[in-house]
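Participant: Below is my_file-v4.txt; it holds compact mmCIF, C-alpha atoms and all ligand atoms.
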# COMPACT_ATOMS: atom_id res chain seq x y z
CA MET K 17 0.00 0.00 0.00
CA VAL K 18 2.67 2.47 1.01
CA ARG K 19 4.93 1.48 -1.87
CA ILE K 20 2.19 2.05 -4.45
CA GLU K 21 1.59 5.56 -3.14
CA ILE K 22 5.26 6.49 -3.42
CA ILE K 23 5.59 5.38 -7.02
CA PHE K 24 2.44 7.29 -7.99
CA VAL K 25 3.65 10.47 -6.39
CA LYS K 26 7.06 10.25 -8.00
CA GLY K 27 5.49 10.06 -11.44
CA ARG K 28 3.33 13.14 -10.84
CA LEU K 29 6.12 15.27 -9.50
CA LEU K 30 8.57 14.35 -12.23
CA ARG K 31 6.07 15.52 -14.83
CA ARG K 32 6.05 18.94 -13.17
CA GLY K 33 9.76 19.25 -13.85
CA ARG K 34 11.27 22.52 -12.86
CA TYR K 35 10.54 22.76 -9.13
CA GLY K 36 12.84 21.22 -6.53
CA ILE K 37 11.92 17.64 -7.20
CA VAL K 38 14.22 16.00 -4.69
CA ARG K 39 13.01 18.10 -1.79
CA ALA K 40 9.40 17.99 -2.88
CA PHE K 41 9.58 14.24 -3.44
CA ALA K 42 10.93 13.67 0.06
CA THR K 43 8.22 15.90 1.56
CA ARG K 44 5.53 14.12 -0.37
CA ILE K 45 6.67 10.71 0.84
CA LEU K 46 6.52 11.90 4.41
CA VAL K 47 2.98 13.22 3.90
CA ARG K 48 1.78 9.95 2.47
CA LEU K 49 3.49 7.86 5.11
CA ARG K 50 1.86 9.93 7.81
CA LEU K 51 -1.54 9.59 6.23
CA CYS K 52 -1.16 5.86 5.82
CA ARG K 53 -0.07 5.37 9.41
CA ARG K 54 -3.00 7.34 10.82
CA SER K 55 -5.68 6.16 8.48
CA SER K 56 -4.77 2.70 7.33
CA GLY K 57 -8.00 1.17 8.64
CA VAL K 58 -10.23 3.53 6.73
CA GLU K 59 -8.07 3.43 3.62
CA ARG K 60 -8.33 -0.36 3.66
CA ALA K 61 -12.09 -0.03 3.95
CA ILE K 62 -12.18 2.27 0.91
CA GLY K 63 -9.95 -0.07 -1.06
CA ASN K 64 -12.23 -3.00 -0.26
CA GLY K 65 -15.32 -1.05 -1.27
CA GLU K 66 -16.60 -1.00 2.32
CA ALA K 67 -16.57 2.79 2.55
CA ASP K 68 -16.93 5.71 0.21
CA SER K 69 -13.88 7.57 -0.97
CA SER K 70 -12.94 10.02 1.75
CA ILE K 71 -11.55 13.43 2.28
CA LEU K 72 -8.02 13.29 3.61
CA SER K 73 -6.97 16.46 5.28
CA GLY K 74 -3.80 16.90 7.29
CA GLY K 75 -3.95 13.31 8.47
CA THR K 76 -7.63 13.63 9.39
CA ILE K 77 -10.29 11.68 7.57
CA TYR K 78 -13.74 13.01 6.87
CA PRO K 79 -15.60 10.08 5.27
CA HIS K 80 -18.74 11.93 4.26
CA TYR K 81 -18.64 12.47 0.54
CA ARG K 82 -19.95 9.87 -1.81
CA ASN K 83 -17.86 9.49 -4.95
CA SER K 84 -15.45 12.22 -4.01
CA GLN K 85 -11.83 12.32 -3.05
CA LEU K 86 -9.43 14.83 -1.60
CA THR K 87 -5.74 14.22 -1.94
CA LYS K 88 -2.69 16.30 -1.21
CA THR K 89 -0.50 17.73 -3.95
CA LEU K 90 2.55 19.96 -3.73
CA ASP K 91 2.90 23.51 -4.96
CA ALA K 92 6.11 25.13 -6.19
CA ALA K 93 7.25 25.80 -2.63
CA GLY K 94 6.95 22.15 -1.76
CA SER K 95 4.08 22.69 0.68
CA ALA K 96 1.05 20.43 0.75
CA ARG K 97 -2.16 21.67 -0.84
CA GLU K 98 -5.46 19.91 -1.06
CA ASN K 99 -6.88 18.96 -4.39
CA PHE K 100 -10.51 17.96 -4.60
CA SER K 101 -12.03 15.96 -7.36
CA MET K 102 -15.64 14.87 -7.61
CA ASN K 103 -17.06 12.20 -9.83
CA THR K 104 -20.70 12.77 -9.03
CA GLN K 105 -22.77 13.19 -12.15
CA ASN K 106 -24.64 16.14 -10.75
CA THR K 107 -21.70 18.37 -9.91
CA LEU K 108 -20.84 21.53 -11.78
CA ILE K 109 -17.20 21.15 -10.72
CA GLY K 110 -14.95 19.74 -13.43
CA PRO K 111 -11.60 17.96 -13.03
CA ASN K 112 -9.61 21.16 -13.62
CA ASP K 113 -11.70 23.38 -11.34
CA PRO K 114 -10.73 24.17 -7.74
CA PRO K 115 -12.17 22.20 -4.80
CA PRO K 116 -15.43 23.44 -3.20
CA PHE K 117 -13.66 24.17 0.08
CA GLU K 118 -10.23 24.27 1.64
CA VAL K 119 -9.35 23.02 5.12
CA LEU K 120 -6.34 24.50 6.90
CA ASN K 121 -4.63 23.21 10.02
CA PRO K 122 -7.43 20.78 11.07
CA ASP K 123 -5.47 19.67 14.14
CA GLY K 124 -4.56 23.17 15.29
CA ALA K 125 -4.24 23.59 19.04
CA ALA K 126 -6.88 26.34 19.39
CA SER K 127 -10.40 25.35 20.45
CA MET K 128 -11.81 27.50 17.69
CA LEU K 129 -12.72 26.98 14.05
CA LEU K 130 -12.34 29.83 11.57
CA VAL K 131 -14.72 29.91 8.61
CA CYS K 132 -14.62 32.09 5.53
CA ASP K 133 -17.86 31.92 3.54
CA HIS K 134 -16.90 34.36 0.80
CA ALA K 135 -13.22 33.50 0.41
CA SER K 136 -13.18 32.89 -3.34
CA ARG K 137 -14.34 34.43 -6.62
CA ALA K 138 -13.88 31.18 -8.58
CA ILE K 139 -16.52 30.12 -11.12
CA PRO K 140 -16.34 26.57 -12.55
CA LYS K 141 -15.65 26.29 -16.27
CA SER K 142 -19.05 24.67 -16.81
CA LEU K 143 -20.77 27.97 -15.92
CA ASP K 144 -18.63 30.15 -18.17
CA THR K 145 -18.08 33.16 -15.82
CA LEU K 146 -21.86 33.46 -15.38
CA GLY K 147 -21.71 35.85 -18.34
CA LEU K 148 -19.67 38.41 -16.38
CA ASP K 149 -16.35 39.93 -17.43
CA GLN K 150 -13.18 39.66 -15.37
CA LYS K 151 -13.51 43.20 -14.03
CA GLN K 152 -16.91 42.37 -12.59
CA LEU K 153 -15.60 39.13 -11.12
CA ASP K 154 -12.88 41.11 -9.33
CA LEU K 155 -15.49 43.24 -7.51
CA HIS K 156 -16.88 42.77 -4.02
CA ILE K 157 -20.03 41.24 -5.51
CA ALA K 158 -18.08 38.04 -6.30
CA TRP K 159 -16.16 37.62 -3.02
CA ASP K 160 -15.04 39.25 0.21
CA ILE K 161 -11.81 40.95 -0.86
CA GLY K 162 -9.00 40.18 1.61
CA ALA K 163 -11.06 37.82 3.79
CA ALA K 164 -9.28 34.61 2.74
CA ASP K 165 -5.85 36.13 3.36
CA VAL K 166 -6.85 37.35 6.83
CA THR K 167 -8.26 33.87 7.58
CA ARG K 168 -5.04 32.15 6.50
CA GLN K 169 -2.89 34.47 8.59
CA LEU K 170 -5.15 34.12 11.60
CA SER K 171 -5.13 30.33 11.27
CA GLU K 172 -1.34 30.46 11.54
CA ARG K 173 -1.13 33.00 14.34
CA LEU K 174 -3.73 31.30 16.53
CA ASP K 175 -2.83 27.75 15.47
CA ALA K 176 -6.50 27.34 14.59
CA ALA K 177 -8.30 25.14 12.06
CA ALA K 178 -10.00 26.97 9.20
CA VAL K 179 -12.47 26.11 6.44
CA LEU K 180 -12.65 28.39 3.39
CA ALA K 181 -15.33 28.19 0.69
CA GLY K 182 -13.88 27.46 -2.74
CA TYR K 183 -16.33 29.30 -5.01
CA SER K 184 -17.90 32.68 -5.59
CA ARG K 185 -20.91 33.84 -3.61
CA LEU K 186 -22.53 34.68 -6.95
CA LEU K 187 -23.01 30.96 -7.63
CA ILE K 188 -24.80 30.47 -4.32
CA ASP K 189 -24.32 32.40 -1.10
CA VAL K 190 -23.34 29.82 1.52
CA ASN K 191 -24.29 32.30 4.25
CA ARG K 192 -27.98 32.11 3.31
CA GLN K 193 -30.52 29.41 3.99
CA ASP K 194 -30.82 27.00 1.08
CA GLY K 195 -33.89 28.09 -0.89
CA ASP K 196 -33.69 31.76 0.16
CA PRO K 197 -34.52 33.69 -3.05
CA GLY K 198 -31.48 35.91 -2.42
CA SER K 199 -29.03 33.04 -2.21
CA ILE K 200 -28.55 32.84 -6.01
CA PRO K 201 -28.70 36.56 -6.81
CA LEU K 202 -30.27 37.80 -10.04
CA VAL K 203 -28.68 41.22 -9.44
CA SER K 204 -25.85 42.17 -7.10
CA ASP K 205 -25.04 45.83 -6.29
CA THR K 206 -26.96 46.90 -9.44
CA ILE K 207 -25.08 44.42 -11.70
CA PRO K 208 -27.35 41.79 -13.33
CA ILE K 209 -25.91 38.27 -13.21
CA PRO K 210 -26.76 36.72 -16.61
CA GLY K 211 -25.94 33.13 -15.60
CA ASN K 212 -28.38 33.26 -12.68
CA GLN K 213 -31.49 34.24 -14.63
CA ASP K 214 -34.38 31.79 -15.05
CA LEU K 215 -32.78 28.83 -13.27
CA ASN K 216 -35.16 25.93 -12.80
CA GLU K 217 -35.25 23.96 -9.56
CA ASP K 218 -32.81 21.29 -10.80
CA GLU K 219 -30.28 23.94 -11.77
CA GLN K 220 -30.61 25.60 -8.38
CA ARG K 221 -30.20 22.26 -6.63
CA GLN K 222 -27.03 21.63 -8.65
CA ARG K 223 -25.59 24.80 -7.14
CA VAL K 224 -26.49 23.51 -3.68
CA GLU K 225 -24.95 20.08 -4.27
CA SER K 226 -21.83 21.41 -5.96
CA PHE K 227 -20.86 24.31 -3.70
CA PHE K 228 -23.11 24.84 -0.69
CA ARG K 229 -23.33 21.36 0.77
CA PRO K 230 -19.66 20.34 0.43
CA TYR K 231 -18.59 23.55 2.19
CA HIS K 232 -21.03 23.19 5.08
CA THR K 233 -20.25 19.50 5.48
CA ALA K 234 -16.55 20.37 5.70
CA ALA K 235 -17.25 23.05 8.32
CA ALA K 236 -19.42 20.66 10.35
CA ASP K 237 -16.74 17.97 10.14
CA ALA K 238 -13.94 20.31 11.18
CA LEU K 239 -15.92 21.60 14.15
CA ALA K 240 -16.93 18.10 15.23
CA HIS K 241 -13.29 17.04 15.01
CA LEU K 242 -12.35 19.80 17.47
CA TRP K 243 -15.25 19.05 19.78
CA ARG K 244 -14.48 15.30 19.98
CA ARG K 245 -11.08 16.32 21.23
CA GLY K 246 -12.73 18.80 23.65
CA PRO K 247 -13.44 21.32 25.10
CA ALA K 248 -16.45 22.89 23.36
CA PRO K 249 -15.00 24.81 20.40
CA ALA K 250 -15.83 28.37 19.36
CA LEU K 251 -16.72 29.40 15.82
CA PHE K 252 -15.42 32.62 14.28
CA SER K 253 -16.48 33.77 10.83
CA ILE K 254 -14.47 36.26 8.77
CA HIS K 255 -16.04 38.60 6.21
CA THR K 256 -15.13 41.90 4.61
CA PHE K 257 -17.45 44.68 3.39
CA THR K 258 -17.27 47.19 0.58
CA PRO K 259 -16.50 50.75 1.76
CA SER K 260 -19.43 52.18 -0.19
CA LEU K 261 -22.77 50.63 -1.06
CA GLY K 262 -25.81 52.21 -2.69
CA GLY K 263 -24.15 55.66 -2.58
CA GLU K 264 -23.56 55.39 1.16
CA ASP K 265 -20.09 55.45 2.67
CA ARG K 266 -19.46 53.10 5.57
CA TYR K 267 -17.04 54.48 8.11
CA TRP K 268 -16.49 51.48 10.41
CA ASP K 269 -13.09 49.83 10.26
CA ILE K 270 -14.53 46.59 11.54
CA GLY K 271 -17.94 45.38 12.65
CA VAL K 272 -18.66 42.52 15.05
CA LEU K 273 -21.77 40.57 14.06
CA TRP K 274 -23.62 38.47 16.55
CA ASN K 275 -27.02 37.15 17.43
CA ARG K 276 -27.88 36.23 21.04
CA ASP K 277 -24.70 34.73 22.49
CA PRO K 278 -22.56 37.59 23.94
CA ARG K 279 -19.63 35.45 25.12
CA MET K 280 -17.34 36.19 22.18
CA PRO K 281 -18.62 39.47 20.75
CA THR K 282 -18.61 41.43 24.03
CA PRO K 283 -14.93 40.90 24.90
CA LEU K 284 -13.94 41.07 21.23
CA MET K 285 -15.52 44.52 20.77
CA GLU K 286 -13.92 45.66 24.02
CA LYS K 287 -10.47 44.58 22.88
CA LEU K 288 -10.88 46.00 19.39
CA ARG K 289 -11.89 49.36 20.87
CA MET K 290 -8.71 49.39 22.94
CA ALA K 291 -6.45 48.27 20.05
CA GLU K 292 -4.20 50.77 18.25
CA ASP K 293 -4.63 53.36 21.03
CA GLY K 294 -8.37 53.33 20.75
CA THR K 295 -8.42 54.68 17.18
CA LEU K 296 -10.49 51.96 15.49
CA HIS K 297 -14.14 52.50 14.56
CA VAL K 298 -15.75 49.30 15.78
CA GLY K 299 -19.35 48.54 14.77
CA ASP K 300 -21.75 46.55 16.94
CA ASN K 301 -23.81 44.55 14.44
CA GLU K 302 -22.76 47.03 11.71
CA PRO K 303 -22.79 47.36 8.72
CA TYR K 304 -24.96 44.22 8.88
CA SER K 305 -26.74 42.69 11.81
CA GLY K 306 -25.89 39.20 12.97
CA ARG K 307 -29.51 39.02 14.09
CA GLU K 308 -30.62 39.09 10.45
CA ILE K 309 -27.83 37.46 8.43
CA ALA K 310 -25.85 34.83 10.30
CA TYR K 311 -26.69 31.54 8.64
CA THR K 312 -23.28 29.89 8.97
CA ILE K 313 -22.63 30.77 12.62
CA ASP K 314 -26.22 30.04 13.64
CA LEU K 315 -26.20 26.69 11.87
CA HIS K 316 -22.88 25.36 13.11
CA ALA K 317 -22.60 26.99 16.53
CA GLY K 318 -25.64 29.00 17.65
CA ALA K 319 -28.04 26.06 17.44
CA ALA K 320 -25.68 23.85 19.46
CA GLY K 321 -24.91 26.45 22.13
CA LEU K 322 -21.29 26.88 21.05
CA PRO K 323 -19.75 30.37 21.39
CA ASN K 324 -19.68 32.22 18.09
CA CYS K 325 -19.54 35.52 16.24
CA ALA K 326 -18.48 37.04 12.93
CA VAL K 327 -16.52 40.09 11.86
CA GLU K 328 -16.75 42.32 8.81
CA ILE K 329 -13.54 44.23 8.00
CA ARG K 330 -13.69 47.15 5.55
CA GLN K 331 -12.20 45.93 2.29
CA ASP K 332 -9.89 48.86 1.57
CA LEU K 333 -8.06 48.04 4.81
CA VAL K 334 -7.14 44.49 3.72
CA GLU K 335 -6.38 44.99 0.02
CA THR K 336 -2.62 44.81 0.53
CA PRO K 337 -0.37 42.25 2.26
CA GLU K 338 0.49 44.92 4.85
CA GLY K 339 -3.19 45.53 5.57
CA VAL K 340 -3.80 41.78 5.93
CA GLU K 341 -0.86 41.47 8.36
CA ARG K 342 -2.12 44.39 10.40
CA TRP K 343 -5.62 42.97 10.81
CA ALA K 344 -4.43 39.45 11.47
CA ASP K 345 -2.25 40.90 14.24
CA ILE K 346 -5.13 42.91 15.72
CA LEU K 347 -7.50 39.93 15.73
CA ALA K 348 -4.90 37.43 16.95
CA GLU K 349 -4.04 39.66 19.87
CA ALA K 350 -7.69 40.12 20.76
CA PHE K 351 -8.37 36.40 20.60
CA ALA K 352 -5.36 35.30 22.62
CA ASP K 353 -7.08 36.33 25.87
CA ILE K 354 -10.60 35.44 24.79
CA LEU K 355 -9.67 31.86 23.95
CA ALA K 356 -7.68 31.42 27.13
CA ASP K 357 -10.81 31.99 29.22
CA ASP K 358 -12.00 28.48 30.15
CA THR K 359 -15.55 29.68 30.79
CA LEU K 360 -15.91 30.39 27.06
CA HIS K 361 -15.70 26.74 26.11
CA ARG K 362 -19.03 25.56 27.42
CA VAL K 363 -22.36 24.80 25.85
CA GLU K 364 -24.81 27.58 26.73
CA HIS K 365 -28.05 28.58 25.08
CA PHE K 366 -29.15 32.21 24.89
ZN ZN Y 1 -19.05 38.01 3.39
Written as structure tokens, how would this file's structure read?
Facilitator:
Amino acid sequence: MVRIEIIFVKGRLLRRGRYGIVRAFATRILVRLRLCRRSSGVERAIGNGEADSSILSGGTIYPHYRNSQLTKTLDAAGSARENFSMNTQNTLIGPNDPPPFEVLNPDGAASMLLVCDHASRAIPKSLDTLGLDQKQLDLHIAWDIGAADVTRQLSERLDAAAVLAGYSRLLIDVNRQDGDPGSIPLVSDTIPIPGNQDLNEDEQRQRVESFFRPYHTAAADALAHLWRRGPAPALFSIHTFTPSLGGEDRYWDIGVLWNRDPRMPTPLMEKLRMAEDGTLHVGDNEPYSGREIAYTIDLHAGAAGLPNCAVEIRQDLVETPEGVERWADILAEAFADILADDTLHRVEHF
């Protein structure tokens, strides 16, 4: 079993050619050996046809997807990246499209999962840019500019697991209830979305099966993985907002969005208001209210009584690597104390 994996990997890497093959090859062998050691029982079950193909992520197995498989590949720097491929007939994701989600650091030490609903502006080839041009796909309507980068940095700084959605919110907004008429927008910030017009129910369900459900299953799996290890994990969702919408400027630097559970948002707002010598404009349920739009945090944490909240950072503040670093620092510092409070990690209903 192990030997077969090594030969397969060698062939793939050699085809790539110009990157440091020797180093990458050695790294890849270590990754596969680690996976095999931790998961040999399940891998045997898959090989024997006793279980569905599974998602392998950082040595953790999430055996929930029928006919799907996640394996690790190496990028130019020799680091492991996940590569998702689905064989389901009903998926809109083709073999050369990105995976519907990305899991980072699933065994991180922090008792908190980071989620990023609007991390990506990717559209699968099968949907042909939804009829939009590249300039439109670069806008805030397609994704939360800077949110994925802040999430990645925060995952590192806090040693926290993170799940990032792999596709544009224009395909289906994963932070809306399935079936909500606004979840597959016909128009976004005055721009009509040609590829979303006149979709029948089957076409809408394809969006759900291809993008929405894989992402939420990954988030549920990652959170359950942390909770099995204990104590009760927190959920923190990272968004960014456009500085101007509908002719209205929004002056907040960051907004904390929450519904009924004050355990995370109250100390977080306090710490953000003290950060950078008290110069930040911190919104309380602004520019959106977590009492109205909070599908992901309500679904995965609120309903179970796990501590949760979301933030919205103004997009012009995280457009550059320096801006991303700054906000990852601010949030990591705020969370260091919040997560260290043992009373946070309990199930409580509000
Ligand atoms: Zn968002």
Participant: Excluding Asn191 (chain K) and any residue of its chain fewer than 4 positions from it, enumerate the residues within 7 Å of it, using all atoms listed in the file, and give them as a PyMOL selection string.
Facilitator: chain K and resi 133+310-312
Participant: Would you save the residues of that selection, restricted to C-alpha atoms, as an mmCIF file, in the frame of the given file?
Facilitator:
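Saved to again_3.cif:
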data_model
loop_
_atom_site.group_PDB
_atom_site.id
_atom_site.type_symbol
_atom_site.label_atom_id
_atom_site.label_comp_id
_atom_site.auth_asym_id
_atom_site.auth_seq_id
_atom_site.Cartn_x
_atom_site.Cartn_y
_atom_site.Cartn_z
ATOM 1 C CA ASP K 133 -17.860 31.920 3.540
ATOM 2 C CA ALA K 310 -25.850 34.830 10.300
ATOM 3 C CA TYR K 311 -26.690 31.540 8.640
ATOM 4 C CA THR K 312 -23.280 29.890 8.970
#
Participant: Which is closer to ligand ZN 1 (chain Y) than all the others in K:Glu338, K:Asp189, K:Asp269, K:Glu219, using only C-alpha atoms and all ligand atoms?
Facilitator: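 The shortest atom-to-atom distance to ligand ZN 1 (chain Y) comes from K:Asp189.
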Participant: Can I get the residues close to ligand ZN 1 (chain Y) as a ChimeraX atom specification, where close means within 7 Å and we count only C-alpha atoms and all ligand atoms?
Facilitator: /K:133-134,160,255-257
Participant: Can you tell me how far CA of Leu239 (chain K) sits from CA of Thr359 (chain K), in Å to one decimal?
Facilitator: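 Computed distance, CA of Leu239 (chain K) to CA of Thr359 (chain K), equals 18.5 Å.
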Participant: Go ahead and compute the interatomic distance for CA of Gln213 (chain K) and CA of Leu155 (chain K), in Å to one decimal.
Facilitator: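 Separation of CA of Gln213 (chain K) and CA of Leu155 (chain K): 19.7 Å.
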Participant: Given all atoms listed in the file as the basis, pick out the residue of K:Cys132, K:Ile157, K:Leu315, K:Leu146 nearest to Ala181 (chain K).
Facilitator: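 Ranked by minimum distance to Ala181 (chain K), first place goes to K:Cys132.
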Participant: Quick one: pull the distance between CA of Ala164 (chain K) and CA of Gly110 (chain K), Å, one decimal.
Facilitator: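 For CA of Ala164 (chain K) relative to CA of Gly110 (chain K), the distance reads 22.7 Å.
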Participant: Please provide the set of residues having any atom within 12 Å of Gly339 (chain K), restricted to only C-alpha atoms, with same-chain residues fewer than 2 positions apart removed, written as a ChimeraX atom specification.
Facilitator: /K:161-163,165-166,169,269,329-337,341-346
Participant: Restricting the calculation to only C-alpha atoms: of K:His232, K:Ser127, K:Pro210, K:Asp237, which residue gets closest to Arg362 (chain K)?
Facilitator: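 Smallest separation from Arg362 (chain K) among the options: K:Ser127.
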Participant: Between K:Gly147, K:Gly318, K:Pro140, K:Gly124, single out the one closest to Ile207 (chain K), counting only C-alpha atoms.
Facilitator: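 Of the candidates, the smallest distance to Ile207 (chain K) is held by K:Gly147.
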